[in-house]
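Asker: Attaching a single structure in C-alpha cells format; questions to follow.
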Amino acid sequence: MKIENSAVTDVDEIFRLYANASAYQKTKNVVVWPDFERQLVEKELNQNRQWKLLIDDQIACVWAITFNDPEIWEERDKDAAIYIHRIATNPKFRGHNFVATIVDWAKEYAQNIDKYYIRLDTLGNNVRLIDHYTSAGFDFLGIFELNSTAGLPQHYQTTKGCCLFEIKL
C-alpha cells in the first residue's frame, strides 16, 4: 500500500470513483454528491492537492485536500489546518477502513507543513458516517448551518446541516 499524488492520467478513474460513490450514497438515503466539475479536479491535480492510495498498483481510494475552507469553517478557517474532501473508495476495496489510513497519512503530512488540525465535513445527519469518522480519531464538533454556500459545490446549496470533524495535533 502506498500514498502519492494523483496524476492527470488518473482523472477518468477519479471520476469513475466519484460516480460509484454517488451511486452508493443513493442506496443509503443520504446526501448524494453531484457531478463535480472536471476543472476543479484538474486544478487540484496541478496544485498537488489530489491524492490516491494504491494497492498492487490499483487506485483503491482517492481524496483531495485544501488549506482553506472559509465557507464551511468560517472563523475556524483562520487555524493552520488541512481540510480533507471527497474521499472515494474503489468498490473492489470497500471495507478496508481507508479513513484510518488517511488519518495516519494526514497527521504526518500536516505536521511536516506546520498545520495543527486535520478537518473534514459531511452533509446531513449521517449517523453511520459520523460514527465512522469518530472511530478514526476525529472529534465530532456538531451539525452547523452554513451561512454562505455560494462558492461551494451544488450539494451544499440544498442541505442545511453540515457535520464538522477535526483532529487537533
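Residue numbering restarts at 1 for every chain of the C-alpha cells, chains are lettered A, B, ... in their displayed order, and ligands are numbered from 1 as they appear.
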Mind checking which residues fall within 7 Å of range 160-163 of chain A, counting only C-alpha atoms, ignoring those fewer than 4 positions away in the same chain, and posting them as an MDAnalysis selection string?

Answerer: chainID A and resid 121:124 142:146

Asker: Would you save the residues of that selection, restricted to N, CA, C and O atoms, as a short mmCIF file (atom, residue, chain, number, x, y, z; two decimals), in the first residue's frame?

Answerer:
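Result file again-v2.cif:
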```
data_model
loop_
_atom_site.label_atom_id
_atom_site.label_comp_id
_atom_site.auth_asym_id
_atom_site.auth_seq_id
_atom_site.Cartn_x
_atom_site.Cartn_y
_atom_site.Cartn_z
N ASP A 121 -15.69 17.46 6.64
CA ASP A 121 -17.11 17.70 6.87
C ASP A 121 -17.91 16.69 6.07
O ASP A 121 -17.40 16.06 5.15
N THR A 122 -19.16 16.56 6.45
CA THR A 122 -20.12 15.79 5.68
C THR A 122 -21.47 16.45 5.86
O THR A 122 -21.69 17.17 6.84
N LEU A 123 -22.36 16.23 4.93
CA LEU A 123 -23.66 16.88 4.98
C LEU A 123 -24.74 15.96 5.53
O LEU A 123 -24.69 14.74 5.32
N GLY A 124 -25.70 16.55 6.21
CA GLY A 124 -26.82 15.81 6.76
C GLY A 124 -26.45 15.06 8.02
O GLY A 124 -25.29 15.00 8.42
N GLY A 142 -20.24 18.78 15.84
CA GLY A 142 -21.67 19.06 15.78
C GLY A 142 -22.13 19.32 14.36
O GLY A 142 -21.36 19.27 13.41
N ILE A 143 -23.43 19.62 14.27
CA ILE A 143 -24.05 19.93 12.98
C ILE A 143 -24.32 21.43 12.95
O ILE A 143 -24.96 21.98 13.86
N PHE A 144 -23.82 22.08 11.92
CA PHE A 144 -23.91 23.53 11.80
C PHE A 144 -24.62 23.91 10.52
O PHE A 144 -24.50 23.23 9.50
N GLU A 145 -25.33 25.02 10.58
CA GLU A 145 -25.93 25.58 9.37
C GLU A 145 -24.92 26.54 8.76
O GLU A 145 -24.37 27.41 9.44
N LEU A 146 -24.64 26.35 7.49
CA LEU A 146 -23.67 27.19 6.80
C LEU A 146 -24.30 28.53 6.42
O LEU A 146 -25.43 28.58 5.94
#
```

Asker: Quick one: pick out all alpha helix (DSSP H) residues within chain A from a backbone DSSP run and write them as a JSON list (two decimals) with C-alpha atoms, in the first residue's frame.

Answerer:
```
[["chain", "number", "residue", "atom", "x", "y", "z"],
["A", 11, "VAL", "CA", -8.70, 11.86, -13.92],
["A", 12, "ASP", "CA", -11.00, 9.32, -15.56],
["A", 13, "GLU", "CA", -10.54, 6.89, -12.68],
["A", 14, "ILE", "CA", -11.15, 9.65, -10.11],
["A", 15, "PHE", "CA", -14.44, 10.49, -11.81],
["A", 16, "ARG", "CA", -15.37, 6.81, -12.01],
["A", 17, "LEU", "CA", -14.83, 6.55, -8.25],
["A", 18, "TYR", "CA", -16.91, 9.69, -7.68],
["A", 19, "ALA", "CA", -19.73, 8.19, -9.77],
["A", 20, "ASN", "CA", -19.52, 4.94, -7.78],
["A", 21, "ALA", "CA", -19.59, 6.90, -4.51],
["A", 22, "SER", "CA", -22.68, 8.83, -5.65],
["A", 23, "ALA", "CA", -24.43, 5.61, -6.65],
["A", 24, "TYR", "CA", -23.60, 4.09, -3.26],
["A", 25, "GLN", "CA", -24.86, 7.22, -1.46],
["A", 26, "LYS", "CA", -28.19, 6.88, -3.28],
["A", 27, "THR", "CA", -28.65, 3.39, -1.81],
["A", 38, "ARG", "CA", -13.51, 18.41, -14.20],
["A", 39, "GLN", "CA", -11.88, 21.82, -13.88],
["A", 40, "LEU", "CA", -11.99, 21.52, -10.06],
["A", 41, "VAL", "CA", -10.11, 18.22, -10.07],
["A", 42, "GLU", "CA", -7.61, 19.41, -12.69],
["A", 43, "LYS", "CA", -6.84, 22.45, -10.51],
["A", 44, "GLU", "CA", -6.29, 20.17, -7.50],
["A", 45, "LEU", "CA", -4.01, 17.96, -9.58],
["A", 46, "ASN", "CA", -1.97, 20.96, -10.76],
["A", 70, "PRO", "CA", -13.84, 29.53, 4.85],
["A", 71, "GLU", "CA", -17.38, 28.86, 3.59],
["A", 72, "ILE", "CA", -17.62, 25.76, 5.76],
["A", 73, "TRP", "CA", -15.31, 26.54, 8.68],
["A", 98, "PHE", "CA", -9.13, 3.74, 4.45],
["A", 99, "VAL", "CA", -10.25, 6.70, 6.57],
["A", 100, "ALA", "CA", -7.94, 5.45, 9.34],
["A", 101, "THR", "CA", -5.11, 5.14, 6.79],
["A", 102, "ILE", "CA", -5.82, 8.66, 5.52],
["A", 103, "VAL", "CA", -5.79, 9.97, 9.10],
["A", 104, "ASP", "CA", -2.36, 8.44, 9.73],
["A", 105, "TRP", "CA", -1.08, 9.95, 6.48],
["A", 106, "ALA", "CA", -2.70, 13.33, 7.21],
["A", 107, "LYS", "CA", -1.15, 13.56, 10.68],
["A", 108, "GLU", "CA", 2.34, 13.19, 9.26],
["A", 109, "TYR", "CA", 1.61, 15.41, 6.26],
["A", 110, "ALA", "CA", 0.10, 18.18, 8.40],
["A", 111, "GLN", "CA", 2.94, 18.17, 10.91],
["A", 112, "ASN", "CA", 5.50, 18.38, 8.08],
["A", 127, "VAL", "CA", -25.12, 8.77, 11.84],
["A", 128, "ARG", "CA", -23.18, 5.90, 10.30],
["A", 129, "LEU", "CA", -20.60, 8.24, 8.75],
["A", 130, "ILE", "CA", -20.38, 10.28, 11.96],
["A", 131, "ASP", "CA", -19.54, 7.06, 13.83],
["A", 132, "HIS", "CA", -17.04, 6.07, 11.14],
["A", 133, "TYR", "CA", -15.16, 9.38, 11.33],
["A", 134, "THR", "CA", -15.13, 9.47, 15.12],
["A", 135, "SER", "CA", -13.85, 5.89, 15.28]]
```

Asker: Just checking: using only C-alpha atoms, which residue out of A:Arg76, A:Lys168, A:Ala136, A:Ser6 ends up closest to Ala64 in chain A?

Answerer: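 The closest residue to Ala64 in chain A is A:Ser6.
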
Asker: Kindly give the distance, in Å, that separates CA of Phe36 in chain A and CA of Asn90 in chain A, rounded to a single decimal.

Answerer: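 Pair CA of Phe36 in chain A / CA of Asn90 in chain A returns 17.2 Å.
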
Asker: With only C-alpha atoms as the basis for distance, which of A:Leu164, A:Ala80, A:Ala88, A:Leu152 is at the shortest distance from Phe67 in chain A?

Answerer: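 Result for the nearest residue to Phe67 in chain A: A:Ala80.
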
Asker: Between CA of Asp114 in chain A and CA of Lys52 in chain A, what is the distance in Å, rounded to a tenth?

Answerer: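 These two atoms are separated by 22.0 Å.
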
Asker: I'd like to know which of A:Arg86, A:Trp33, A:Met1, A:Ala7 is closest to Gln47 in chain A, using only C-alpha atoms.

Answerer: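 Result for the nearest residue to Gln47 in chain A: A:Ala7.
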
Asker: Write out as a PyMOL selection string each polymer residue whose atoms come within 10 Å of Phe93 in chain A, counting only C-alpha atoms; drop sequence neighbours fewer than 6 positions from it.

Answerer: chain A and resi 55+58-61

Asker: Ala81 in chain A: which residues within 6 Å, counting only C-alpha atoms, same-chain residues fewer than 6 positions away excluded, as a PyMOL selection string?

Answerer: chain A and resi 115-118

Asker: Export, as a tab-separated table (two decimals), in the first residue's frame, the selected residues with C-alpha atoms.

Answerer:
```tsv
chain	number	residue	atom	x	y	z
A	115	LYS	CA	-0.55	22.57	10.33
A	116	TYR	CA	-2.22	21.88	13.66
A	117	TYR	CA	-5.60	20.49	12.63
A	118	ILE	CA	-6.98	17.90	10.26
```

Asker: Using DSSP on the backbone coordinates, identify the residues of chain A assigned to strand (DSSP E); present them as a short mmCIF file (atom, residue, chain, number, x, y, z; two decimals) with C-alpha atoms, in the first residue's frame.

Answerer:
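Below is the file out-v1.cif, written as the result:
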```cif
data_model
loop_
_atom_site.label_atom_id
_atom_site.label_comp_id
_atom_site.auth_asym_id
_atom_site.auth_seq_id
_atom_site.Cartn_x
_atom_site.Cartn_y
_atom_site.Cartn_z
CA LYS A 2 1.32 3.44 -0.87
CA ILE A 3 0.02 7.00 -0.98
CA GLU A 4 1.03 9.50 -3.61
CA ASN A 5 -0.28 12.49 -5.52
CA GLN A 50 -5.40 15.36 -5.11
CA TRP A 51 -4.18 12.09 -3.55
CA LYS A 52 -4.53 8.38 -4.17
CA LEU A 53 -3.93 5.23 -2.18
CA LEU A 54 -2.56 2.41 -4.30
CA ILE A 55 -2.76 -1.31 -3.62
CA GLN A 58 -4.56 -0.14 -8.44
CA ILE A 59 -6.22 3.02 -7.15
CA ALA A 60 -8.03 1.88 -4.02
CA CYS A 61 -9.06 5.30 -2.75
CA VAL A 62 -8.81 8.99 -3.67
CA TRP A 63 -9.27 12.23 -1.77
CA ALA A 64 -8.49 15.91 -2.10
CA ILE A 65 -7.13 18.40 0.41
CA THR A 66 -7.17 22.13 0.75
CA ALA A 81 -5.30 23.19 9.10
CA ILE A 82 -5.64 20.79 6.23
CA TYR A 83 -9.15 20.00 5.06
CA ILE A 84 -9.94 16.63 3.54
CA HIS A 85 -12.64 16.38 0.87
CA ARG A 86 -14.26 13.81 -1.38
CA ILE A 87 -12.91 10.53 -0.05
CA ALA A 88 -13.98 7.97 -2.64
CA THR A 89 -13.17 4.28 -2.37
CA TYR A 117 -5.60 20.49 12.63
CA ILE A 118 -6.98 17.90 10.26
CA ARG A 119 -10.57 18.63 9.35
CA LEU A 120 -13.38 17.28 7.25
CA ASP A 121 -17.11 17.70 6.87
CA THR A 122 -20.12 15.79 5.68
CA LEU A 123 -23.66 16.88 4.98
CA ASP A 139 -13.80 14.77 17.19
CA PHE A 140 -17.36 15.42 16.08
CA LEU A 141 -17.97 19.14 16.61
CA GLY A 142 -21.67 19.06 15.78
CA ILE A 143 -24.05 19.93 12.98
CA PHE A 144 -23.91 23.53 11.80
CA GLU A 145 -25.93 25.58 9.37
CA GLY A 161 -26.87 20.70 8.23
CA CYS A 162 -23.11 20.34 7.88
CA CYS A 163 -21.28 17.99 10.25
CA LEU A 164 -17.81 19.21 11.22
CA PHE A 165 -14.97 16.97 12.37
CA GLU A 166 -11.43 17.71 13.45
CA ILE A 167 -8.31 16.21 14.91
CA LYS A 168 -6.12 18.59 16.86
#
```
